[in-house]
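Participant: The structure under discussion is supplied below as structure tokens; questions concerning it will follow.
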Number of protein chains: 2
Amino acid sequence: MDDTRWLDAEEQRTWRSFITAHRLFFDRIERQLQTDSGLPHAYFEILVRLSEAPDRTLRMSELAASSLSSRSRLSHAVARMEEAGWVRRSACPTDKRGQFAELTDEGFAYLDSAARGHVEEVRARLFDVLTPEQQKALREISDAITESLTDEGR
Amino acid sequence: MDDTRWLDAEEQRTWRSFITAHRLFFDRIERQLQTDSGLPHAYFEILVRLSEAPDRTLRMSELAASSLSSRSRLSHAVARMEEAGWVRRSACPTDKRGQFAELTDEGFAYLDSAARGHVEEVRARLFDVLTPEQQKALREISDAITESLTDEGR
DNA sequence: GGAAGCGAGTTGAGAGTTCAACTATTTCCC
DNA sequence: GGGAAATAGTTGAACTCTCAACTCGCTTCC
């Protein structure tokens, strides 16, 4: 039996447009950050979250949640960025299982310089090509998608 | 001098909404395909393009272009899918540098079964949460982004 | 108070992607 | 015709991500 709710022609086109734009856009964002700053976008996001935290410090699990990383990914990422000198880890005194991650001054400076090219790219490839109405629509669409993926579990 | 055109608060929120939705959505799509069919989404796309080609066959470079893969990625991917028996490669008679990739019957059957769960997920997480107007807006937004990334070269 | 279970974080293996280098062929053009 | 440059495709190394296993500390509850 086939009760799959396939996409109709219209939906098909929308879906392909979306996929195409998504791939091209994020490939570009990724490459810009990678070539100009040697940083994957996921790492950039982690640094941003840290930079906005009080004392530029967060528990690993909070950092994972706020940067939408798995714990595993974050562990690997922080390990690598600690080697690079951008992040420092320290033990949590009240919970001996815990670890703090702190953005170093060097990491902050690095993030600051990386952010410039990144923002330029985002502006040029996203905001500059969308009307204000489209920007508003994009936010509402994004929020709707996010809501469906966070609220009701799986 | 700082002539970076930073994002204002409004843009900042839009950008974060977009990033968040993007990550959650595609992580989900990726995981659904991976766990239910053992297939990365990029591989799925490659198989789809092949399945729509005449004789289910395409030159490697055409396949790369249509599936938005780099040549390298495609080479690796096809190598792996050839091992799995879903794709077959053959030499091009008119251009000895060339290779054809052909979707096998087994690959077609596999794709067909994988597509069901995938479509369900796309529908549940995208189309079901958007109004018709939002779907239309999403397509226009996507097309605008795509255009800026394909037309004007870099 | 001690065992069972939960939570925080790490680790290693396996897989995909990218980049640069490489081979082989074809095209360009003098 | 022949050499330079472009094109097709592959390969291997480096890196990131995921998943499952694992360690260690906290909590619960009898």
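To be explicit about the labels: the chains of the structure tokens are called A, B, and onward in the order shown, and within each one the residues are counted from 1, while ligands get numbers from 1 in the order they are shown.
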Compile the contact shell of segment 88-95 of chain A as a VMD selection string: residues with an atom at most 9 Å away, counting only C-alpha atoms (C1' of nucleotides), same-chain residues fewer than 5 positions apart removed.

Facilitator: (chain A and resid 59 78 to 79 81 to 83 100 to 104) or (chain D and resid 25 to 26)

Participant: Go ahead and save the picked residues with C-alpha atoms (C1' of nucleotides), as a PDB file, in the first residue's frame.

Facilitator:
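Result saved to part-v2.pdb:
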```
ATOM      1  CA  ARG A  59      29.659  25.034  31.064  1.00  0.00           C
ATOM      2  CA  VAL A  78      36.875  22.644  22.064  1.00  0.00           C
ATOM      3  CA  ALA A  79      39.823  20.288  22.191  1.00  0.00           C
ATOM      4  CA  MET A  81      40.349  25.196  19.688  1.00  0.00           C
ATOM      5  CA  GLU A  82      42.128  24.807  22.983  1.00  0.00           C
ATOM      6  CA  GLU A  83      45.180  23.653  21.068  1.00  0.00           C
ATOM      7  CA  PHE A 100      34.019  25.315  31.979  1.00  0.00           C
ATOM      8  CA  ALA A 101      35.024  26.578  28.597  1.00  0.00           C
ATOM      9  CA  GLU A 102      36.363  30.115  28.476  1.00  0.00           C
ATOM     10  CA  LEU A 103      37.153  32.235  25.467  1.00  0.00           C
ATOM     11  CA  THR A 104      40.708  33.555  25.706  1.00  0.00           C
TER      12      THR A 104
ATOM     13  C1'  DG D  25      30.753  12.002  39.860  1.00  0.00           C
ATOM     14  C1'  DC D  26      26.049  13.102  41.540  1.00  0.00           C
TER      15       DC D  26
END
```

Participant: What residues in chain C have any atom no more than 9 Å from chain B when counting only C-alpha atoms (C1' of nucleotides), and can you write them as a PyMOL selection string?

Facilitator: chain C and resi 16-18+24-26

Participant: With C-alpha atoms (C1' of nucleotides) retained, export the selected residues as a PDB file, in the first residue's frame.

Facilitator:
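result-v3.pdb was written with the following content:
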```pdb
ATOM      1  C1'  DG C  16      31.851  12.055   4.431  1.00  0.00           C
ATOM      2  C1'  DT C  17      33.902  16.380   2.702  1.00  0.00           C
ATOM      3  C1'  DT C  18      37.500  19.281   1.101  1.00  0.00           C
ATOM      4  C1'  DA C  24      44.940  11.038 -18.907  1.00  0.00           C
ATOM      5  C1'  DT C  25      42.675  13.047 -22.683  1.00  0.00           C
ATOM      6  C1'  DT C  26      41.050  16.718 -25.515  1.00  0.00           C
TER       7       DT C  26
END
```

Participant: Distance limit 10 Å, atoms considered: only C-alpha atoms (C1' of nucleotides). Which chain D residues sit that close to chain A? Return them as an MDAnalysis selection string.

Facilitator: chainID D and resid 16:19 24:26

Participant: Suppose we keep C-alpha atoms (C1' of nucleotides); can you now write the selection as a PDB file, in the first residue's frame?

Facilitator:
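Heads up, here's the output in out-v8.pdb:
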```
ATOM      1  C1'  DT D  16      34.989  17.316  11.063  1.00  0.00           C
ATOM      2  C1'  DC D  17      30.969  14.871  12.428  1.00  0.00           C
ATOM      3  C1'  DT D  18      28.348  10.968  14.332  1.00  0.00           C
ATOM      4  C1'  DC D  19      27.641   7.075  17.042  1.00  0.00           C
ATOM      5  C1'  DC D  24      33.646   9.540  36.746  1.00  0.00           C
ATOM      6  C1'  DG D  25      30.753  12.002  39.860  1.00  0.00           C
ATOM      7  C1'  DC D  26      26.049  13.102  41.540  1.00  0.00           C
TER       8       DC D  26
END
```

Participant: Which chain B residues are at most 6 Å from chain A (counting only C-alpha atoms), as a count of residues only?

Facilitator: 8

Participant: Pairing the C-alpha atoms in order across the whole chain, superpose chain B onto chain A by least squares and write the result as a compact mmCIF listing (two decimals) with N, CA and C atoms, in the first residue's frame.

Facilitator:
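The result, stored in result-v7.txt:
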```
# COMPACT_ATOMS: atom_id res chain seq x y z
N MET B 1 0.73 -1.19 0.45
CA MET B 1 -0.10 0.02 0.33
C MET B 1 0.77 1.26 0.29
N ASP B 2 0.34 2.24 -0.38
CA ASP B 2 1.14 3.43 -0.54
C ASP B 2 0.39 4.65 -0.01
N ASP B 3 0.53 4.87 1.28
CA ASP B 3 -0.13 6.05 1.83
C ASP B 3 0.88 7.17 2.09
N THR B 4 1.99 7.07 1.42
CA THR B 4 2.96 8.16 1.53
C THR B 4 2.37 9.43 0.91
N ARG B 5 2.47 10.51 1.66
CA ARG B 5 1.95 11.77 1.13
C ARG B 5 3.03 12.44 0.30
N TRP B 6 3.15 12.03 -0.94
CA TRP B 6 4.21 12.57 -1.82
C TRP B 6 4.01 14.05 -2.05
N LEU B 7 5.04 14.69 -2.54
CA LEU B 7 4.95 16.12 -2.83
C LEU B 7 4.30 16.31 -4.21
N ASP B 8 3.41 17.30 -4.31
CA ASP B 8 2.89 17.60 -5.65
C ASP B 8 3.91 18.47 -6.40
N ALA B 9 3.59 18.79 -7.63
CA ALA B 9 4.57 19.48 -8.49
C ALA B 9 5.01 20.81 -7.88
N GLU B 10 4.05 21.51 -7.34
CA GLU B 10 4.34 22.80 -6.73
C GLU B 10 5.28 22.64 -5.54
N GLU B 11 4.94 21.71 -4.69
CA GLU B 11 5.76 21.47 -3.51
C GLU B 11 7.16 21.00 -3.90
N GLN B 12 7.16 20.16 -4.90
CA GLN B 12 8.43 19.66 -5.42
C GLN B 12 9.35 20.82 -5.81
N ARG B 13 8.78 21.78 -6.52
CA ARG B 13 9.61 22.91 -6.95
C ARG B 13 10.09 23.73 -5.76
N THR B 14 9.20 23.92 -4.82
CA THR B 14 9.59 24.67 -3.62
C THR B 14 10.72 23.96 -2.89
N TRP B 15 10.53 22.68 -2.74
CA TRP B 15 11.54 21.90 -2.03
C TRP B 15 12.89 21.97 -2.72
N ARG B 16 12.91 21.84 -4.02
CA ARG B 16 14.18 21.88 -4.74
C ARG B 16 14.80 23.26 -4.68
N SER B 17 13.99 24.27 -4.77
CA SER B 17 14.52 25.63 -4.64
C SER B 17 15.19 25.80 -3.29
N PHE B 18 14.49 25.31 -2.30
CA PHE B 18 14.99 25.44 -0.93
C PHE B 18 16.31 24.72 -0.76
N ILE B 19 16.33 23.48 -1.19
CA ILE B 19 17.56 22.68 -1.08
C ILE B 19 18.72 23.33 -1.82
N THR B 20 18.44 23.77 -3.01
CA THR B 20 19.49 24.36 -3.83
C THR B 20 20.05 25.61 -3.16
N ALA B 21 19.15 26.49 -2.74
CA ALA B 21 19.59 27.72 -2.09
C ALA B 21 20.37 27.39 -0.83
N HIS B 22 19.82 26.47 -0.07
CA HIS B 22 20.48 26.07 1.16
C HIS B 22 21.90 25.61 0.91
N ARG B 23 22.05 24.69 -0.03
CA ARG B 23 23.38 24.15 -0.28
C ARG B 23 24.35 25.22 -0.76
N LEU B 24 23.92 25.99 -1.75
CA LEU B 24 24.81 27.01 -2.30
C LEU B 24 25.18 28.02 -1.23
N PHE B 25 24.19 28.45 -0.50
CA PHE B 25 24.44 29.48 0.50
C PHE B 25 25.39 29.00 1.60
N PHE B 26 25.09 27.88 2.18
CA PHE B 26 25.93 27.45 3.29
C PHE B 26 27.29 26.94 2.85
N ASP B 27 27.36 26.39 1.65
CA ASP B 27 28.68 26.06 1.12
C ASP B 27 29.52 27.32 1.03
N ARG B 28 28.90 28.37 0.58
CA ARG B 28 29.63 29.62 0.43
C ARG B 28 30.06 30.18 1.78
N ILE B 29 29.14 30.21 2.72
CA ILE B 29 29.46 30.69 4.06
C ILE B 29 30.61 29.88 4.66
N GLU B 30 30.49 28.60 4.52
CA GLU B 30 31.50 27.69 5.05
C GLU B 30 32.85 27.97 4.40
N ARG B 31 32.86 28.10 3.11
CA ARG B 31 34.13 28.29 2.42
C ARG B 31 34.75 29.64 2.74
N GLN B 32 33.91 30.65 2.82
CA GLN B 32 34.45 31.97 3.17
C GLN B 32 35.16 31.92 4.51
N LEU B 33 34.49 31.35 5.50
CA LEU B 33 35.09 31.29 6.82
C LEU B 33 36.34 30.41 6.81
N GLN B 34 36.25 29.33 6.11
CA GLN B 34 37.36 28.38 6.10
C GLN B 34 38.58 28.99 5.43
N THR B 35 38.39 29.59 4.28
CA THR B 35 39.57 30.09 3.56
C THR B 35 40.09 31.38 4.18
N ASP B 36 39.21 32.24 4.62
CA ASP B 36 39.68 33.51 5.17
C ASP B 36 40.13 33.39 6.62
N SER B 37 39.54 32.49 7.38
CA SER B 37 39.87 32.42 8.80
C SER B 37 40.23 31.02 9.28
N GLY B 38 40.18 30.04 8.40
CA GLY B 38 40.54 28.69 8.79
C GLY B 38 39.64 28.11 9.87
N LEU B 39 38.37 28.45 9.78
CA LEU B 39 37.43 28.11 10.84
C LEU B 39 36.15 27.57 10.22
N PRO B 40 35.69 26.39 10.65
CA PRO B 40 34.39 25.94 10.20
C PRO B 40 33.30 26.80 10.84
N HIS B 41 32.18 26.88 10.18
CA HIS B 41 31.12 27.73 10.70
C HIS B 41 30.65 27.26 12.07
N ALA B 42 30.63 25.97 12.31
CA ALA B 42 30.21 25.45 13.61
C ALA B 42 31.14 25.97 14.72
N TYR B 43 32.42 26.05 14.42
CA TYR B 43 33.37 26.55 15.41
C TYR B 43 33.14 28.03 15.65
N PHE B 44 32.88 28.72 14.57
CA PHE B 44 32.59 30.14 14.69
C PHE B 44 31.40 30.37 15.62
N GLU B 45 30.37 29.60 15.44
CA GLU B 45 29.18 29.73 16.28
C GLU B 45 29.50 29.47 17.75
N ILE B 46 30.31 28.48 17.98
CA ILE B 46 30.71 28.17 19.35
C ILE B 46 31.42 29.36 19.98
N LEU B 47 32.34 29.94 19.22
CA LEU B 47 33.07 31.09 19.75
C LEU B 47 32.14 32.27 20.00
N VAL B 48 31.17 32.46 19.11
CA VAL B 48 30.22 33.56 19.29
C VAL B 48 29.45 33.38 20.59
N ARG B 49 28.97 32.18 20.82
CA ARG B 49 28.19 31.94 22.05
C ARG B 49 29.04 32.19 23.28
N LEU B 50 30.25 31.71 23.23
CA LEU B 50 31.16 31.95 24.36
C LEU B 50 31.39 33.44 24.56
N SER B 51 31.55 34.15 23.49
CA SER B 51 31.89 35.58 23.60
C SER B 51 30.74 36.36 24.22
N GLU B 52 29.53 35.84 24.13
CA GLU B 52 28.38 36.54 24.67
C GLU B 52 28.03 36.12 26.09
N ALA B 53 28.70 35.11 26.58
CA ALA B 53 28.39 34.61 27.91
C ALA B 53 29.08 35.48 28.96
N PRO B 54 28.51 35.49 30.17
CA PRO B 54 29.17 36.20 31.27
C PRO B 54 30.58 35.64 31.48
N ASP B 55 31.53 36.54 31.61
CA ASP B 55 32.95 36.14 31.74
C ASP B 55 33.42 35.31 30.55
N ARG B 56 32.66 35.39 29.49
CA ARG B 56 33.03 34.59 28.30
C ARG B 56 33.24 33.13 28.66
N THR B 57 32.43 32.66 29.55
CA THR B 57 32.60 31.30 30.08
C THR B 57 31.27 30.59 30.15
N LEU B 58 31.27 29.33 29.76
CA LEU B 58 30.06 28.52 29.86
C LEU B 58 30.42 27.09 30.19
N ARG B 59 29.48 26.43 30.83
CA ARG B 59 29.63 24.99 31.01
C ARG B 59 29.56 24.34 29.64
N MET B 60 30.25 23.24 29.49
CA MET B 60 30.28 22.56 28.21
C MET B 60 28.88 22.22 27.71
N SER B 61 28.06 21.76 28.61
CA SER B 61 26.73 21.34 28.16
C SER B 61 25.86 22.54 27.76
N GLU B 62 26.05 23.66 28.45
CA GLU B 62 25.31 24.85 28.04
C GLU B 62 25.79 25.35 26.69
N LEU B 63 27.08 25.29 26.54
CA LEU B 63 27.67 25.72 25.28
C LEU B 63 27.18 24.82 24.14
N ALA B 64 27.11 23.55 24.42
CA ALA B 64 26.62 22.62 23.40
C ALA B 64 25.20 22.96 23.01
N ALA B 65 24.37 23.20 24.02
CA ALA B 65 22.97 23.50 23.74
C ALA B 65 22.84 24.81 22.96
N SER B 66 23.56 25.82 23.38
CA SER B 66 23.36 27.12 22.74
C SER B 66 23.97 27.18 21.35
N SER B 67 24.94 26.36 21.11
CA SER B 67 25.54 26.39 19.78
C SER B 67 24.99 25.27 18.90
N LEU B 68 23.99 24.59 19.39
CA LEU B 68 23.34 23.52 18.64
C LEU B 68 24.32 22.43 18.22
N SER B 69 25.27 22.16 19.10
CA SER B 69 26.23 21.10 18.83
C SER B 69 25.92 19.90 19.70
N SER B 70 26.26 18.74 19.24
CA SER B 70 26.21 17.58 20.11
C SER B 70 27.34 17.70 21.12
N ARG B 71 27.21 16.96 22.22
CA ARG B 71 28.28 17.00 23.20
C ARG B 71 29.59 16.51 22.60
N SER B 72 29.47 15.49 21.80
CA SER B 72 30.66 14.93 21.19
C SER B 72 31.34 15.95 20.28
N ARG B 73 30.54 16.55 19.44
CA ARG B 73 31.10 17.55 18.54
C ARG B 73 31.79 18.66 19.33
N LEU B 74 31.11 19.10 20.37
CA LEU B 74 31.69 20.19 21.15
C LEU B 74 33.01 19.76 21.80
N SER B 75 33.03 18.57 22.34
CA SER B 75 34.27 18.08 22.94
C SER B 75 35.42 18.14 21.94
N HIS B 76 35.18 17.57 20.78
CA HIS B 76 36.22 17.59 19.75
C HIS B 76 36.59 19.02 19.38
N ALA B 77 35.58 19.83 19.20
CA ALA B 77 35.82 21.20 18.74
C ALA B 77 36.62 21.99 19.77
N VAL B 78 36.19 21.88 21.02
CA VAL B 78 36.89 22.64 22.06
C VAL B 78 38.32 22.13 22.22
N ALA B 79 38.49 20.85 22.08
CA ALA B 79 39.85 20.30 22.17
C ALA B 79 40.74 20.94 21.12
N ARG B 80 40.21 21.03 19.94
CA ARG B 80 41.01 21.61 18.86
C ARG B 80 41.24 23.10 19.06
N MET B 81 40.21 23.79 19.54
CA MET B 81 40.35 25.24 19.72
C MET B 81 41.18 25.56 20.95
N GLU B 82 41.26 24.62 21.86
CA GLU B 82 42.13 24.83 23.01
C GLU B 82 43.59 24.74 22.56
N GLU B 83 43.86 23.79 21.70
CA GLU B 83 45.19 23.69 21.10
C GLU B 83 45.58 24.99 20.41
N ALA B 84 44.60 25.55 19.73
CA ALA B 84 44.86 26.79 18.98
C ALA B 84 44.99 27.99 19.92
N GLY B 85 44.61 27.79 21.18
CA GLY B 85 44.76 28.88 22.14
C GLY B 85 43.57 29.81 22.23
N TRP B 86 42.46 29.45 21.60
CA TRP B 86 41.30 30.34 21.59
C TRP B 86 40.37 30.08 22.77
N VAL B 87 40.47 28.90 23.33
CA VAL B 87 39.57 28.49 24.40
C VAL B 87 40.41 27.83 25.50
N ARG B 88 39.92 27.95 26.73
CA ARG B 88 40.61 27.33 27.85
C ARG B 88 39.57 26.54 28.62
N ARG B 89 39.91 25.36 29.05
CA ARG B 89 38.96 24.59 29.87
C ARG B 89 39.39 24.59 31.31
N SER B 90 38.41 24.53 32.20
CA SER B 90 38.74 24.44 33.62
C SER B 90 37.65 23.65 34.32
N ALA B 91 38.02 23.09 35.44
CA ALA B 91 37.08 22.24 36.18
C ALA B 91 36.04 23.09 36.87
N CYS B 92 34.86 22.51 37.06
CA CYS B 92 33.80 23.18 37.78
C CYS B 92 33.89 22.76 39.25
N PRO B 93 33.98 23.73 40.16
CA PRO B 93 34.19 23.38 41.58
C PRO B 93 32.97 22.71 42.21
N THR B 94 31.79 23.08 41.77
CA THR B 94 30.59 22.56 42.43
C THR B 94 30.11 21.24 41.85
N ASP B 95 30.53 20.92 40.66
CA ASP B 95 30.15 19.65 40.04
C ASP B 95 31.38 19.06 39.38
N LYS B 96 31.91 18.04 40.03
CA LYS B 96 33.20 17.55 39.57
C LYS B 96 33.15 16.87 38.21
N ARG B 97 31.93 16.64 37.71
CA ARG B 97 31.85 16.11 36.36
C ARG B 97 32.01 17.22 35.33
N GLY B 98 31.75 18.44 35.80
CA GLY B 98 31.61 19.55 34.87
C GLY B 98 32.91 20.18 34.40
N GLN B 99 32.82 20.84 33.28
CA GLN B 99 33.95 21.59 32.74
C GLN B 99 33.45 22.96 32.29
N PHE B 100 34.25 23.96 32.53
CA PHE B 100 33.96 25.27 31.95
C PHE B 100 34.79 25.45 30.69
N ALA B 101 34.21 26.12 29.74
CA ALA B 101 35.00 26.56 28.59
C ALA B 101 35.00 28.07 28.61
N GLU B 102 36.17 28.64 28.44
CA GLU B 102 36.31 30.10 28.49
C GLU B 102 37.01 30.58 27.23
N LEU B 103 36.50 31.64 26.68
CA LEU B 103 37.12 32.23 25.50
C LEU B 103 38.32 33.06 25.94
N THR B 104 39.48 32.79 25.39
CA THR B 104 40.67 33.57 25.75
C THR B 104 40.66 34.91 25.02
N ASP B 105 41.53 35.81 25.45
CA ASP B 105 41.65 37.09 24.75
C ASP B 105 42.07 36.86 23.31
N GLU B 106 42.95 35.93 23.16
CA GLU B 106 43.41 35.60 21.82
C GLU B 106 42.23 35.10 20.97
N GLY B 107 41.42 34.26 21.59
CA GLY B 107 40.24 33.75 20.88
C GLY B 107 39.27 34.86 20.53
N PHE B 108 39.13 35.79 21.44
CA PHE B 108 38.22 36.91 21.20
C PHE B 108 38.70 37.76 20.03
N ALA B 109 39.99 38.02 20.02
CA ALA B 109 40.56 38.81 18.92
C ALA B 109 40.39 38.07 17.60
N TYR B 110 40.61 36.79 17.67
CA TYR B 110 40.47 35.98 16.47
C TYR B 110 39.05 36.01 15.94
N LEU B 111 38.12 35.84 16.85
CA LEU B 111 36.71 35.87 16.49
C LEU B 111 36.34 37.21 15.88
N ASP B 112 36.82 38.26 16.50
CA ASP B 112 36.50 39.59 16.01
C ASP B 112 36.96 39.78 14.57
N SER B 113 38.15 39.30 14.28
CA SER B 113 38.65 39.49 12.92
C SER B 113 37.92 38.59 11.93
N ALA B 114 37.59 37.38 12.39
CA ALA B 114 36.88 36.46 11.50
C ALA B 114 35.48 36.96 11.19
N ALA B 115 34.89 37.65 12.16
CA ALA B 115 33.50 38.07 12.02
C ALA B 115 33.31 39.05 10.87
N ARG B 116 34.31 39.85 10.61
CA ARG B 116 34.16 40.87 9.58
C ARG B 116 33.84 40.27 8.22
N GLY B 117 34.71 39.42 7.76
CA GLY B 117 34.49 38.82 6.45
C GLY B 117 33.20 38.01 6.43
N HIS B 118 32.93 37.37 7.54
CA HIS B 118 31.73 36.53 7.63
C HIS B 118 30.48 37.39 7.47
N VAL B 119 30.41 38.47 8.21
CA VAL B 119 29.24 39.34 8.12
C VAL B 119 29.08 39.91 6.72
N GLU B 120 30.18 40.27 6.12
CA GLU B 120 30.11 40.80 4.76
C GLU B 120 29.45 39.77 3.82
N GLU B 121 29.87 38.54 4.01
CA GLU B 121 29.34 37.48 3.14
C GLU B 121 27.85 37.28 3.40
N VAL B 122 27.48 37.24 4.66
CA VAL B 122 26.07 37.06 5.01
C VAL B 122 25.25 38.21 4.44
N ARG B 123 25.76 39.39 4.58
CA ARG B 123 25.02 40.53 4.07
C ARG B 123 24.89 40.46 2.55
N ALA B 124 25.99 40.20 1.90
CA ALA B 124 25.97 40.19 0.43
C ALA B 124 25.08 39.09 -0.13
N ARG B 125 25.10 37.94 0.53
CA ARG B 125 24.41 36.78 -0.03
C ARG B 125 23.02 36.57 0.51
N LEU B 126 22.69 37.26 1.60
CA LEU B 126 21.36 37.07 2.17
C LEU B 126 20.60 38.40 2.20
N PHE B 127 21.03 39.31 3.02
CA PHE B 127 20.24 40.52 3.21
C PHE B 127 20.19 41.39 1.96
N ASP B 128 21.28 41.46 1.25
CA ASP B 128 21.28 42.32 0.06
C ASP B 128 20.39 41.80 -1.06
N VAL B 129 20.06 40.53 -1.03
CA VAL B 129 19.25 40.00 -2.14
C VAL B 129 17.79 39.84 -1.74
N LEU B 130 17.46 40.15 -0.50
CA LEU B 130 16.07 40.01 -0.06
C LEU B 130 15.46 41.37 0.25
N THR B 131 14.19 41.50 -0.08
CA THR B 131 13.46 42.71 0.30
C THR B 131 13.18 42.67 1.80
N PRO B 132 12.85 43.80 2.41
CA PRO B 132 12.49 43.80 3.83
C PRO B 132 11.34 42.83 4.12
N GLU B 133 10.36 42.76 3.22
CA GLU B 133 9.25 41.83 3.43
C GLU B 133 9.76 40.39 3.42
N GLN B 134 10.67 40.11 2.51
CA GLN B 134 11.20 38.75 2.44
C GLN B 134 12.01 38.42 3.68
N GLN B 135 12.71 39.40 4.20
CA GLN B 135 13.48 39.16 5.42
C GLN B 135 12.55 38.83 6.58
N LYS B 136 11.46 39.56 6.62
CA LYS B 136 10.47 39.30 7.67
C LYS B 136 9.87 37.91 7.49
N ALA B 137 9.54 37.59 6.26
CA ALA B 137 8.97 36.28 5.97
C ALA B 137 9.95 35.17 6.33
N LEU B 138 11.21 35.41 6.02
CA LEU B 138 12.22 34.40 6.31
C LEU B 138 12.30 34.13 7.81
N ARG B 139 12.18 35.19 8.57
CA ARG B 139 12.26 34.97 10.01
C ARG B 139 11.05 34.19 10.51
N GLU B 140 9.90 34.52 10.00
CA GLU B 140 8.70 33.81 10.44
C GLU B 140 8.74 32.34 10.02
N ILE B 141 9.19 32.12 8.82
CA ILE B 141 9.32 30.74 8.32
C ILE B 141 10.31 29.98 9.20
N SER B 142 11.43 30.60 9.46
CA SER B 142 12.46 29.95 10.27
C SER B 142 11.94 29.63 11.66
N ASP B 143 11.22 30.57 12.23
CA ASP B 143 10.70 30.35 13.58
C ASP B 143 9.68 29.21 13.58
N ALA B 144 8.88 29.13 12.54
CA ALA B 144 7.89 28.05 12.48
C ALA B 144 8.57 26.69 12.40
N ILE B 145 9.60 26.62 11.59
CA ILE B 145 10.33 25.36 11.45
C ILE B 145 10.99 24.99 12.77
N THR B 146 11.64 25.97 13.37
CA THR B 146 12.32 25.73 14.63
C THR B 146 11.34 25.24 15.71
N GLU B 147 10.21 25.90 15.74
CA GLU B 147 9.23 25.53 16.75
C GLU B 147 8.82 24.08 16.62
N SER B 148 8.58 23.66 15.40
CA SER B 148 8.14 22.28 15.20
C SER B 148 9.24 21.28 15.58
N LEU B 149 10.47 21.74 15.57
CA LEU B 149 11.56 20.81 15.83
C LEU B 149 12.04 20.84 17.27
N THR B 150 11.56 21.81 18.04
CA THR B 150 12.01 21.85 19.42
C THR B 150 10.88 21.48 20.36
N ASP B 151 9.69 22.00 20.10
CA ASP B 151 8.56 21.72 20.98
C ASP B 151 8.31 20.24 21.18
N GLU B 152 7.84 19.67 20.14
CA GLU B 152 7.23 18.35 20.26
C GLU B 152 8.23 17.20 20.18
N GLY B 153 9.29 17.30 20.95
CA GLY B 153 10.22 16.20 21.02
C GLY B 153 10.63 15.68 19.67
N ARG B 154 10.48 14.45 19.41
CA ARG B 154 11.02 13.80 18.24
C ARG B 154 10.56 14.44 16.95
```

Participant: What is the atom C1' of DC6 of chain C to atom C1' of DC30 of chain D distance in Å?

Facilitator: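 Computed distance, atom C1' of DC6 of chain C to atom C1' of DC30 of chain D, equals 17.4 Å.
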
Participant: Please report the interatomic distance between atom C1' of DT23 of chain D and atom C1' of DA13 of chain C in Å with one decimal.

Facilitator: 18.1 Å

Participant: When DSSP works through the backbone of this structure, what residues of segment 2-143 of chain A end up as strand (DSSP E), shown as a list in words?

Facilitator: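 Those residues are Thr57, Leu58, Arg59, Val87, Arg88, Arg89, Ser90, Ala91, Gln99, Phe100, Ala101, Glu102 and Leu103 of chain A.
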
Participant: Between atom C1' of DA20 of chain C and atom C1' of DA5 of chain D, measure the distance and give it in Å to one decimal.

Facilitator: 18.8 Å

Participant: With a distance cut-off of 12 Å and only C-alpha atoms (C1' of nucleotides), select the neighbouring residues of DC29 of chain D, excluding the residue or stretch itself and same-chain residues fewer than 5 positions from it, and output the selection as a list in words.

Facilitator: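 These residues fall inside the cut-off: DG1, DG2, DA3, DA4 and DG5 of chain C.
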
Participant: Residues as selected, N, CA and C atoms (P, O5', C5', C4', C3', O3' and C1' of nucleotides), written as a compact mmCIF listing (two decimals), in the first residue's frame, can you do that?

Facilitator:
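Result file out_28.txt:
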```txt
# COMPACT_ATOMS: atom_id res chain seq x y z
P DG C 1 26.14 7.38 56.65
O5' DG C 1 25.63 5.89 56.29
C5' DG C 1 26.40 4.77 56.62
C4' DG C 1 26.18 3.79 55.50
C3' DG C 1 27.05 4.05 54.26
O3' DG C 1 27.09 2.84 53.52
C1' DG C 1 24.85 4.41 53.66
P DG C 2 28.41 2.06 53.25
O5' DG C 2 27.87 1.17 52.07
C5' DG C 2 26.68 0.40 52.28
C4' DG C 2 25.91 0.24 50.98
C3' DG C 2 26.79 0.28 49.72
O3' DG C 2 26.28 -0.69 48.83
C1' DG C 2 25.12 1.94 49.56
P DA C 3 27.26 -1.36 47.78
O5' DA C 3 26.24 -1.74 46.62
C5' DA C 3 25.02 -2.40 46.96
C4' DA C 3 23.91 -1.94 46.03
C3' DA C 3 24.27 -1.98 44.55
O3' DA C 3 23.15 -2.50 43.84
C1' DA C 3 23.59 0.21 45.13
P DA C 4 23.23 -2.83 42.29
O5' DA C 4 22.27 -1.71 41.67
C5' DA C 4 20.94 -1.56 42.21
C4' DA C 4 20.26 -0.45 41.45
C3' DA C 4 20.56 -0.46 39.94
O3' DA C 4 19.37 -0.16 39.24
C1' DA C 4 21.27 1.61 40.89
P DG C 5 19.33 -0.13 37.66
O5' DG C 5 19.26 1.44 37.36
C5' DG C 5 18.33 2.24 38.10
C4' DG C 5 18.67 3.70 37.92
C3' DG C 5 18.93 4.11 36.46
O3' DG C 5 18.25 5.34 36.26
C1' DG C 5 20.69 4.85 37.80
```

Participant: Please identify which residues in chain B DSSP calls helix (DSSP H, G or I) from the backbone, and express them as a PyMOL selection string.

Facilitator: chain B and resi 9-37+41-52+54-56+60-66+71-83+105-125+127-129+132-150

Participant: For DC28 of chain C, find every residue with an atom within 12 Å (counting only C-alpha atoms (C1' of nucleotides)), except residues of its own chain fewer than 6 positions away, and show them as a ChimeraX atom specification.

Facilitator: /D:2-6
